[in-house]
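Below is one structure, written out as structure tokens, with a few remarks after it.
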Amino acid sequence: MGLAVALVLAIGLASTSNALIFGSPDTEPQTDRPEGFPYWEYVTQRRYEGPSVIYLGAGFALTARHVGMGEIFLEETIHAPNLRSKHTLLNEDGTAADAMIFELEGDENPPDWPLIPIAIHPPQPGEDVLLIGYGKVRDKVVEFEGDQRSEFAFLWSKKGEKRWATNRVSAGDITVTQENLMTKTFVFEFDEPFSAGATRHEAQAAVGDSGGGVFVKRDGEWKLAGLMVSVAGTLHSPENASSYGDRTHAADLTHYREEILRWTRAACANERDDDGDDLIDYPQDPGCDSAQDRNERDKWPLGGNSLRNAGIATLAIVLVLLVVGIRLQRDRQNKLQPTSDTEIPADD
Ligand SMILES: [Ca+2]
Ligand SMILES: [Ca+2]
Ligand SMILES: [Ca+2]
């Protein structure tokens, strides 16, 4: 462990937590939510000023494992978790990642919002990201002795608040280990405002931003790509503060995407062909009534409307038999006709 090795601090562990640290008031967004962004309401927090949680739609929530399951706010209503639904996301080798999902199951129905799309391809260095979290905000600015010179640090406020910010991915495919959790992450750095590497609303995550969302815009569509899990600073920087060069680690959700879909999406929205007919999900597979349908198989004759369908089928068979019967009867009469015809002259 040299000086270059950063201290990794889980953001969300501390009981007091402020959201997203900006280097300057000039870089703070002037709007309370990003313009044209459809998933602002999906990022929420644990009850009792807790860290951040993302609502995925269809009754499921996603957060950091070290944040944990709990009651969350959606549409100003408290939604309770189903205690048995807790599921920690896993790495290929079976170890636990710092990400978990749980289902909401209280007296209140969770909102019937469209499902959040999860990015397929990992964020690349240089890609711009949008951050939303409930962490601490900037308090006092203090000076400290850095490696080579005196530097500034931004102390974290006592209370968190919901903020949005921007940053740019500096590296991907970085595994972060914290106690028994091992997480595949991508990283972005806190650059000095208006420096070459800084984005317009550059910010660093702080305590409470854990479980917050990192979004990317690809082909004009916003997708969820990451889940903020930890921050890393240098050994000399003060505690409970951010300084330039600090890094935020976000769990790379593209890496855990299949598992998230498997646990949170119904068969008709899980991007797989569940019944082997080469047709995938609603509306491509005609066996799907909606994206909430839990079965891709065609409903006839074994689906939910089986009795009615069976009735219609029976009626159809009876009609066919009736028609065939009438035909046979007529044919028999037709066959008899010539005999009678031949007999007619005999009557003469
Ligand atoms: Ca499917
Ligand atoms: Ca299918
Ligand atoms: Ca089907």
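Each chain in the structure tokens gets a letter, A, B and so on, in the order shown; residues start at 1 in every chain, and ligands are counted from 1 in the order they appear.
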
Inset, instruction - Please extract the residues at most 9 Å from ligand 3, counting only C-alpha atoms and all ligand atoms, and provide them as a ChimeraX atom specification, using the chain letters and residue numbers of this document. - result: /A:273-281,284-288,295-299

Write out as a compact mmCIF listing (two decimals) with C-alpha atoms, in the first residue's frame the residues lying within 6 Å of segment 101-118 of chain A, counting only C-alpha atoms and excluding same-chain residues fewer than 5 positions away.
```txt
# COMPACT_ATOMS: atom_id res chain seq x y z
CA LEU A 56 -36.62 -0.11 -11.34
CA GLY A 57 -40.34 -0.32 -12.07
CA GLY A 59 -42.38 -3.22 -7.94
CA PHE A 60 -38.60 -3.74 -7.63
CA ALA A 61 -35.90 -1.54 -6.08
CA LEU A 62 -32.11 -1.59 -6.46
CA HIS A 79 -43.41 1.66 0.40
CA ALA A 80 -42.38 -1.28 2.56
CA PRO A 81 -40.12 -4.08 1.30
CA ASN A 82 -41.03 -7.73 1.09
CA SER A 85 -37.42 -10.75 -1.58
CA LYS A 86 -33.91 -9.55 -0.68
CA HIS A 87 -31.39 -10.68 -3.27
CA LYS A 223 -30.22 4.18 -19.60
CA LEU A 224 -29.21 3.19 -16.11
```

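With distances restricted to only C-alpha atoms, A:Trp156 is the closest residue to Asn240 of chain A from A:Phe186, A:Phe144, A:Tyr282, A:Trp156.
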
Legend entry - Selection near Gly213 of chain A, 8 Å with only C-alpha atoms, sequence-local residues under 4 positions removed, as JSON, numbers by chain: {"A": [43, 54, 131, 132, 133, 224, 225, 226, 227, 228]}

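Nearest residue to Val229 of chain A among A:Asp98, A:Asp139, A:Asp93, A:Glu41 is A:Asp98, counting only C-alpha atoms.
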
Inset, instruction - Counting only C-alpha atoms, figure out which residue out of A:Ala198, A:Val207, A:Ala64, A:Leu315 gets nearest to Arg138 of chain A. - result: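 Residue with the minimum atom-to-atom distance to Arg138 of chain A: A:Val207.
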